[in-house]
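Before any comments, here is the structure.
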Amino acid sequence: MKFTIALSFLVCGVSAFAPAPSKMKTMKLSLSDVTAEEVVEPEKPKYPTVNGWTADPTKFCAGLPGAVAPLGEFDPLGFTKDLPVQEIKRFREAEVTHGRVAMMASLGYLVAEHFHPFFGGAVTGPANSHLAQVHEQAPFFFAFLVSSIATWELGRAIIGWEAPLKAIVENQELEGRTWFTKLNENYYPGDIGFDPLRLKPKDAQEFAELQTKELNNGRLAMLATIGMMVQEQVTNQPLF
């Protein structure tokens with residue numbers, strides 16, 4: 001009798017340290033369900049093809065034309081280094097626009113100082129002072145000129161740029177480099193559709209060559225214009 005009672009206590013004590021069968025089964029199932037996580041590569045952004053150009057972030061200036069010998073990929077200060085495509089497009093928009101303004105300004109400096117039939121020949125002297133003289137001689141024409149420039153710039157903004165509030169939302173992934181400004185995805189920097197003489201080529205290679213010529217002339221004009229401005233500011237005399 002004593003032996004039977006002792007044996008029952010011993011069996012109960014050993015069974016207390018044994019895992020429950022249901023728990024073991026659950027553990028086996030959970031281990032068998034564990035699978036290796038699949039490595040998902042981030043999807044590369046897709047860029048539209050505009051005027052034969054498709055943005056390539058791995059290339060200099062995202063593959064935009066303008067890098068020619070002997071300077072080639074000239075960016076000594078690293079302005080375009082690690083920039084997203086959107087910011088490179090914005091920089092190119094600024095370069096093209098300022099180059100066009102400089103080409104017209106350099107022509108104005110060379111011509112207007114010796115040929116100025118408007119306003120009865122009252123606008124004379126260094127070209128740096130011509131705009132102020134126009135304001136004095138014909139204030140209404142000056143107001144018309146300023147309004148025309150503002151209208152042109154507004155049209156360019158509507159054609160090429162996103163609305164500011166929309167740009168803020170879409171620029172959140174650009175590390176805060178720009179907030180209110182963003183070019184449309186299908187907009188090529190500088191191409192606002194103004195081509196009255198129909199000089200724009202349809203072939204992508206020819207367009208890239210023409211764009212490179214425009215950029216080179218614009219860059220030269222920017223240097224020339226700033227040189228003429230400084231010279232007249234220092235000497236207070238016409239160029240020639």
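In the structure tokens, chains take letters A, B, ... by order of appearance, with residues numbered from 1 within each chain and ligands from 1 in the order shown.
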
**Report entry** Surrounding residues of Arg156 (chain A) excluding itself and chain neighbours under 2 positions, 12 Å, only C-alpha atoms, as a ChimeraX atom specification
**Finding:** /A:93,97,149-154,158-162,183-184,187,189-194

Requested in this report: Just the residues within 10 Å of Gly72 (chain A), please, counting only C-alpha atoms, with nothing from its chain fewer than 5 positions along; format it as a PyMOL selection string.
Outcome: chain A and resi 60+66-67

Let's have the selection written as an mmCIF file, in the first residue's frame, with all heavy atoms.
data_model
loop_
_atom_site.group_PDB
_atom_site.id
_atom_site.type_symbol
_atom_site.label_atom_id
_atom_site.label_comp_id
_atom_site.auth_asym_id
_atom_site.auth_seq_id
_atom_site.Cartn_x
_atom_site.Cartn_y
_atom_site.Cartn_z
ATOM 1 N N PHE A 60 25.800 62.578 -66.246
ATOM 2 C CA PHE A 60 26.040 63.968 -65.874
ATOM 3 C C PHE A 60 24.841 64.809 -66.280
ATOM 4 O O PHE A 60 24.368 64.761 -67.419
ATOM 5 C CB PHE A 60 27.310 64.468 -66.572
ATOM 6 C CG PHE A 60 27.642 65.909 -66.291
ATOM 7 C CD1 PHE A 60 28.125 66.291 -65.049
ATOM 8 C CD2 PHE A 60 27.455 66.878 -67.261
ATOM 9 C CE1 PHE A 60 28.434 67.610 -64.786
ATOM 10 C CE2 PHE A 60 27.763 68.201 -67.016
ATOM 11 C CZ PHE A 60 28.257 68.571 -65.765
ATOM 12 N N GLY A 66 24.630 69.735 -73.565
ATOM 13 C CA GLY A 66 25.342 70.930 -73.108
ATOM 14 C C GLY A 66 26.766 70.683 -72.689
ATOM 15 O O GLY A 66 27.547 71.628 -72.551
ATOM 16 N N ALA A 67 27.149 69.406 -72.481
ATOM 17 C CA ALA A 67 28.526 69.089 -72.089
ATOM 18 C C ALA A 67 29.346 68.829 -73.351
ATOM 19 O O ALA A 67 29.204 67.792 -73.994
ATOM 20 C CB ALA A 67 28.553 67.874 -71.171
#

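Residue nearest Glu209 (chain A) within the list A:Pro65, A:Pro57, A:Gly99, A:Gly121: A:Pro65 [criterion: smallest interatomic distance, only C-alpha atoms].
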
Query - For Ala221 (chain A): contacts at 8 Å, only C-alpha atoms, fewer than 2 positions along chain excluded, given as a PyMOL selection string - result: chain A and resi 99+102-103+106+217-219+223-225

Would you put the residues from that selection into a file with all heavy atoms, as an mmCIF file, in the first residue's frame?
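Saved file part-v3.cif follows:
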data_model
loop_
_atom_site.group_PDB
_atom_site.id
_atom_site.type_symbol
_atom_site.label_atom_id
_atom_site.label_comp_id
_atom_site.auth_asym_id
_atom_site.auth_seq_id
_atom_site.Cartn_x
_atom_site.Cartn_y
_atom_site.Cartn_z
ATOM 1 N N GLY A 99 20.427 82.660 -70.064
ATOM 2 C CA GLY A 99 21.212 82.748 -71.287
ATOM 3 C C GLY A 99 20.472 83.497 -72.383
ATOM 4 O O GLY A 99 21.067 84.306 -73.112
ATOM 5 N N ALA A 102 20.474 87.162 -71.541
ATOM 6 C CA ALA A 102 21.808 87.735 -71.740
ATOM 7 C C ALA A 102 22.106 87.941 -73.223
ATOM 8 O O ALA A 102 22.767 88.925 -73.593
ATOM 9 C CB ALA A 102 22.857 86.827 -71.112
ATOM 10 N N MET A 103 21.634 87.041 -74.084
ATOM 11 C CA MET A 103 21.870 87.218 -75.520
ATOM 12 C C MET A 103 21.176 88.475 -76.027
ATOM 13 O O MET A 103 21.743 89.235 -76.823
ATOM 14 C CB MET A 103 21.407 85.979 -76.286
ATOM 15 C CG MET A 103 22.363 84.794 -76.176
ATOM 16 S SD MET A 103 21.942 83.408 -77.263
ATOM 17 C CE MET A 103 20.606 82.624 -76.351
ATOM 18 N N SER A 106 23.097 91.591 -74.474
ATOM 19 C CA SER A 106 24.382 91.904 -75.111
ATOM 20 C C SER A 106 24.171 92.580 -76.457
ATOM 21 O O SER A 106 24.913 93.514 -76.823
ATOM 22 C CB SER A 106 25.212 90.626 -75.275
ATOM 23 O OG SER A 106 24.515 89.682 -76.084
ATOM 24 N N ASN A 217 26.009 79.640 -76.605
ATOM 25 C CA ASN A 217 25.869 81.065 -76.899
ATOM 26 C C ASN A 217 25.316 81.829 -75.697
ATOM 27 O O ASN A 217 25.724 82.963 -75.434
ATOM 28 C CB ASN A 217 24.960 81.261 -78.117
ATOM 29 C CG ASN A 217 25.662 80.956 -79.426
ATOM 30 O OD1 ASN A 217 26.466 81.735 -79.911
ATOM 31 N ND2 ASN A 217 25.364 79.796 -79.994
ATOM 32 N N GLY A 218 24.399 81.207 -74.970
ATOM 33 C CA GLY A 218 23.858 81.846 -73.777
ATOM 34 C C GLY A 218 24.901 82.008 -72.686
ATOM 35 O O GLY A 218 24.956 83.046 -72.011
ATOM 36 N N ARG A 219 25.736 81.003 -72.501
ATOM 37 C CA ARG A 219 26.798 81.090 -71.497
ATOM 38 C C ARG A 219 27.792 82.190 -71.849
ATOM 39 O O ARG A 219 28.225 82.965 -70.983
ATOM 40 C CB ARG A 219 27.508 79.737 -71.398
ATOM 41 C CG ARG A 219 26.650 78.630 -70.794
ATOM 42 C CD ARG A 219 27.188 77.248 -71.099
ATOM 43 N NE ARG A 219 26.353 76.189 -70.523
ATOM 44 C CZ ARG A 219 26.465 74.897 -70.825
ATOM 45 N NH1 ARG A 219 27.378 74.505 -71.696
ATOM 46 N NH2 ARG A 219 25.665 74.009 -70.269
ATOM 47 N N LEU A 223 28.557 85.908 -69.741
ATOM 48 C CA LEU A 223 29.877 86.445 -69.391
ATOM 49 C C LEU A 223 30.107 87.811 -70.037
ATOM 50 O O LEU A 223 30.628 88.734 -69.401
ATOM 51 C CB LEU A 223 30.966 85.458 -69.824
ATOM 52 C CG LEU A 223 30.991 84.105 -69.103
ATOM 53 C CD1 LEU A 223 32.023 83.193 -69.742
ATOM 54 C CD2 LEU A 223 31.274 84.278 -67.622
ATOM 55 N N ALA A 224 29.709 87.930 -71.316
ATOM 56 C CA ALA A 224 29.911 89.196 -72.018
ATOM 57 C C ALA A 224 29.076 90.314 -71.410
ATOM 58 O O ALA A 224 29.559 91.450 -71.243
ATOM 59 C CB ALA A 224 29.561 89.021 -73.497
ATOM 60 N N THR A 225 27.836 90.013 -71.068
ATOM 61 C CA THR A 225 26.952 91.041 -70.523
ATOM 62 C C THR A 225 27.448 91.554 -69.181
ATOM 63 O O THR A 225 27.446 92.764 -68.925
ATOM 64 C CB THR A 225 25.523 90.486 -70.383
ATOM 65 O OG1 THR A 225 25.061 90.056 -71.669
ATOM 66 C CG2 THR A 225 24.571 91.541 -69.853
#

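In this structure, CA of Pro70 (chain A) sits 19.0 Å away from CA of Met222 (chain A).
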
Report task. Point out the residue among A:Leu145, A:Leu210, A:Met229, A:Ala112 with the least atom-to-atom distance to His130 (chain A), counting only C-alpha atoms. Result ->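 Under the stated criterion, the closest residue is A:Ala112.
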
Query raised in the report: CA of Glu214 (chain A) and CA of Pro84 (chain A), how far apart in Å?
Result: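 These two atoms are separated by 24.0 Å.
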
When you look at region 75-83 of chain A with a cut-off of 12 Å (counting only C-alpha atoms), what residues show up, excluding the ones that are within fewer than 6 positions of it in the same chain? I need them as an mmCIF file with all heavy atoms, in the first residue's frame.
data_model
loop_
_atom_site.group_PDB
_atom_site.id
_atom_site.type_symbol
_atom_site.label_atom_id
_atom_site.label_comp_id
_atom_site.auth_asym_id
_atom_site.auth_seq_id
_atom_site.Cartn_x
_atom_site.Cartn_y
_atom_site.Cartn_z
ATOM 1 N N ASP A 56 18.290 60.286 -67.087
ATOM 2 C CA ASP A 56 19.088 59.183 -66.574
ATOM 3 C C ASP A 56 19.909 59.696 -65.388
ATOM 4 O O ASP A 56 20.917 60.389 -65.573
ATOM 5 C CB ASP A 56 20.017 58.643 -67.663
ATOM 6 C CG ASP A 56 20.759 57.396 -67.214
ATOM 7 O OD1 ASP A 56 20.666 57.031 -66.020
ATOM 8 O OD2 ASP A 56 21.447 56.772 -68.051
ATOM 9 N N PRO A 57 19.486 59.379 -64.159
ATOM 10 C CA PRO A 57 20.185 59.918 -62.973
ATOM 11 C C PRO A 57 21.647 59.511 -62.880
ATOM 12 O O PRO A 57 22.413 60.147 -62.155
ATOM 13 C CB PRO A 57 19.378 59.344 -61.797
ATOM 14 C CG PRO A 57 18.045 58.985 -62.382
ATOM 15 C CD PRO A 57 18.310 58.569 -63.796
ATOM 16 N N THR A 58 22.061 58.467 -63.607
ATOM 17 C CA THR A 58 23.447 58.017 -63.530
ATOM 18 C C THR A 58 24.381 58.844 -64.408
ATOM 19 O O THR A 58 25.600 58.744 -64.273
ATOM 20 C CB THR A 58 23.549 56.543 -63.952
ATOM 21 O OG1 THR A 58 23.147 56.406 -65.333
ATOM 22 C CG2 THR A 58 22.648 55.674 -63.085
ATOM 23 N N LYS A 59 23.834 59.663 -65.294
ATOM 24 C CA LYS A 59 24.655 60.458 -66.208
ATOM 25 C C LYS A 59 24.828 61.883 -65.684
ATOM 26 O O LYS A 59 24.067 62.337 -64.827
ATOM 27 C CB LYS A 59 24.038 60.484 -67.610
ATOM 28 C CG LYS A 59 24.016 59.128 -68.303
ATOM 29 C CD LYS A 59 23.440 59.258 -69.706
ATOM 30 C CE LYS A 59 23.442 57.919 -70.434
ATOM 31 N NZ LYS A 59 22.875 58.047 -71.805
ATOM 32 N N PHE A 60 25.800 62.578 -66.246
ATOM 33 C CA PHE A 60 26.040 63.968 -65.874
ATOM 34 C C PHE A 60 24.841 64.809 -66.280
ATOM 35 O O PHE A 60 24.368 64.761 -67.419
ATOM 36 C CB PHE A 60 27.310 64.468 -66.572
ATOM 37 C CG PHE A 60 27.642 65.909 -66.291
ATOM 38 C CD1 PHE A 60 28.125 66.291 -65.049
ATOM 39 C CD2 PHE A 60 27.455 66.878 -67.261
ATOM 40 C CE1 PHE A 60 28.434 67.610 -64.786
ATOM 41 C CE2 PHE A 60 27.763 68.201 -67.016
ATOM 42 C CZ PHE A 60 28.257 68.571 -65.765
ATOM 43 N N CYS A 61 24.339 65.600 -65.350
ATOM 44 C CA CYS A 61 23.146 66.433 -65.577
ATOM 45 C C CYS A 61 21.987 65.617 -66.111
ATOM 46 O O CYS A 61 21.201 66.084 -66.952
ATOM 47 C CB CYS A 61 23.456 67.588 -66.529
ATOM 48 S SG CYS A 61 24.384 68.917 -65.748
ATOM 49 N N ALA A 62 21.874 64.391 -65.624
ATOM 50 C CA ALA A 62 20.769 63.498 -65.990
ATOM 51 C C ALA A 62 20.679 63.253 -67.490
ATOM 52 O O ALA A 62 19.630 62.884 -68.007
ATOM 53 C CB ALA A 62 19.437 64.037 -65.470
ATOM 54 N N GLY A 63 21.787 63.450 -68.191
ATOM 55 C CA GLY A 63 21.813 63.197 -69.621
ATOM 56 C C GLY A 63 21.390 64.364 -70.485
ATOM 57 O O GLY A 63 21.278 64.209 -71.706
ATOM 58 N N LEU A 64 21.156 65.542 -69.898
ATOM 59 C CA LEU A 64 20.783 66.710 -70.692
ATOM 60 C C LEU A 64 21.961 67.153 -71.559
ATOM 61 O O LEU A 64 23.118 67.001 -71.168
ATOM 62 C CB LEU A 64 20.366 67.866 -69.768
ATOM 63 C CG LEU A 64 18.968 67.776 -69.151
ATOM 64 C CD1 LEU A 64 18.821 68.805 -68.036
ATOM 65 C CD2 LEU A 64 17.889 67.991 -70.212
ATOM 66 N N GLY A 66 24.630 69.735 -73.565
ATOM 67 C CA GLY A 66 25.342 70.930 -73.108
ATOM 68 C C GLY A 66 26.766 70.683 -72.689
ATOM 69 O O GLY A 66 27.547 71.628 -72.551
ATOM 70 N N ALA A 67 27.149 69.406 -72.481
ATOM 71 C CA ALA A 67 28.526 69.089 -72.089
ATOM 72 C C ALA A 67 29.346 68.829 -73.351
ATOM 73 O O ALA A 67 29.204 67.792 -73.994
ATOM 74 C CB ALA A 67 28.553 67.874 -71.171
ATOM 75 N N LYS A 89 16.688 69.619 -63.571
ATOM 76 C CA LYS A 89 15.834 70.280 -64.557
ATOM 77 C C LYS A 89 15.605 71.751 -64.183
ATOM 78 O O LYS A 89 15.606 72.631 -65.046
ATOM 79 C CB LYS A 89 14.486 69.563 -64.661
ATOM 80 C CG LYS A 89 14.536 68.227 -65.365
ATOM 81 C CD LYS A 89 13.182 67.548 -65.353
ATOM 82 C CE LYS A 89 12.126 68.346 -66.062
ATOM 83 N NZ LYS A 89 10.811 67.660 -66.081
ATOM 84 N N ARG A 90 15.444 72.016 -62.912
ATOM 85 C CA ARG A 90 15.211 73.394 -62.466
ATOM 86 C C ARG A 90 16.456 74.251 -62.690
ATOM 87 O O ARG A 90 16.364 75.418 -63.100
ATOM 88 C CB ARG A 90 14.814 73.402 -60.985
ATOM 89 C CG ARG A 90 14.197 74.700 -60.498
ATOM 90 C CD ARG A 90 13.565 74.509 -59.131
ATOM 91 N NE ARG A 90 14.546 74.291 -58.117
ATOM 92 C CZ ARG A 90 15.063 75.247 -57.330
ATOM 93 N NH1 ARG A 90 14.685 76.498 -57.471
ATOM 94 N NH2 ARG A 90 15.945 74.960 -56.400
ATOM 95 N N PHE A 91 17.631 73.699 -62.436
ATOM 96 C CA PHE A 91 18.871 74.413 -62.701
ATOM 97 C C PHE A 91 19.021 74.698 -64.195
ATOM 98 O O PHE A 91 19.435 75.787 -64.594
ATOM 99 C CB PHE A 91 20.069 73.599 -62.202
ATOM 100 C CG PHE A 91 20.354 73.769 -60.734
ATOM 101 C CD1 PHE A 91 19.330 73.961 -59.822
ATOM 102 C CD2 PHE A 91 21.655 73.720 -60.262
ATOM 103 C CE1 PHE A 91 19.591 74.115 -58.473
ATOM 104 C CE2 PHE A 91 21.924 73.867 -58.905
ATOM 105 C CZ PHE A 91 20.890 74.072 -58.004
ATOM 106 N N ARG A 92 18.690 73.711 -65.037
ATOM 107 C CA ARG A 92 18.806 73.914 -66.479
ATOM 108 C C ARG A 92 17.792 74.953 -66.964
ATOM 109 O O ARG A 92 18.098 75.751 -67.857
ATOM 110 C CB ARG A 92 18.611 72.574 -67.200
ATOM 111 C CG ARG A 92 18.568 72.664 -68.728
ATOM 112 C CD ARG A 92 19.763 73.393 -69.313
ATOM 113 N NE ARG A 92 21.044 72.835 -68.960
ATOM 114 C CZ ARG A 92 21.639 71.842 -69.641
ATOM 115 N NH1 ARG A 92 21.042 71.325 -70.698
ATOM 116 N NH2 ARG A 92 22.820 71.405 -69.266
ATOM 117 N N LEU A 174 12.310 65.311 -51.729
ATOM 118 C CA LEU A 174 13.537 65.892 -52.263
ATOM 119 C C LEU A 174 14.418 66.497 -51.181
ATOM 120 O O LEU A 174 15.207 67.390 -51.438
ATOM 121 C CB LEU A 174 13.194 66.968 -53.307
ATOM 122 C CG LEU A 174 12.461 66.479 -54.544
ATOM 123 C CD1 LEU A 174 12.252 67.630 -55.511
ATOM 124 C CD2 LEU A 174 13.229 65.358 -55.235
ATOM 125 N N GLU A 175 14.270 66.044 -49.951
ATOM 126 C CA GLU A 175 15.120 66.449 -48.835
ATOM 127 C C GLU A 175 15.117 67.954 -48.624
ATOM 128 O O GLU A 175 16.111 68.556 -48.209
ATOM 129 C CB GLU A 175 16.559 65.967 -49.071
ATOM 130 C CG GLU A 175 16.666 64.452 -49.209
ATOM 131 C CD GLU A 175 18.089 64.013 -49.466
ATOM 132 O OE1 GLU A 175 18.969 64.888 -49.526
ATOM 133 O OE2 GLU A 175 18.305 62.808 -49.595
ATOM 134 N N GLY A 176 13.986 68.595 -48.913
ATOM 135 C CA GLY A 176 13.829 70.010 -48.621
ATOM 136 C C GLY A 176 14.662 70.950 -49.458
ATOM 137 O O GLY A 176 14.847 72.099 -49.108
ATOM 138 N N ARG A 177 15.177 70.491 -50.588
ATOM 139 C CA ARG A 177 15.996 71.364 -51.433
ATOM 140 C C ARG A 177 15.155 72.469 -52.062
ATOM 141 O O ARG A 177 15.647 73.533 -52.369
ATOM 142 C CB ARG A 177 16.703 70.547 -52.517
ATOM 143 C CG ARG A 177 17.737 69.566 -51.972
ATOM 144 C CD ARG A 177 18.448 68.857 -53.120
ATOM 145 N NE ARG A 177 19.371 67.847 -52.620
ATOM 146 C CZ ARG A 177 20.617 68.067 -52.276
ATOM 147 N NH1 ARG A 177 21.093 69.303 -52.356
ATOM 148 N NH2 ARG A 177 21.389 67.103 -51.847
ATOM 149 N N THR A 178 13.922 72.187 -52.314
ATOM 150 C CA THR A 178 13.029 73.188 -52.885
ATOM 151 C C THR A 178 11.631 72.893 -52.369
ATOM 152 O O THR A 178 11.269 71.754 -52.137
ATOM 153 C CB THR A 178 13.040 73.151 -54.425
ATOM 154 O OG1 THR A 178 12.104 74.106 -54.914
ATOM 155 C CG2 THR A 178 12.667 71.787 -54.955
#

**Report entry** Interatomic distance (Å, one decimal) between CA of Gly52 (chain A) and CA of Ala204 (chain A)
**Finding:**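 Going from CA of Gly52 (chain A) over to CA of Ala204 (chain A) covers 4.5 Å.
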
Report task. Return the single residue from A:Ala167, A:Ala138, A:Tyr109, A:Lys200 that is closest to Gly125 (chain A), with distances computed using only C-alpha atoms. Result -> A:Tyr109
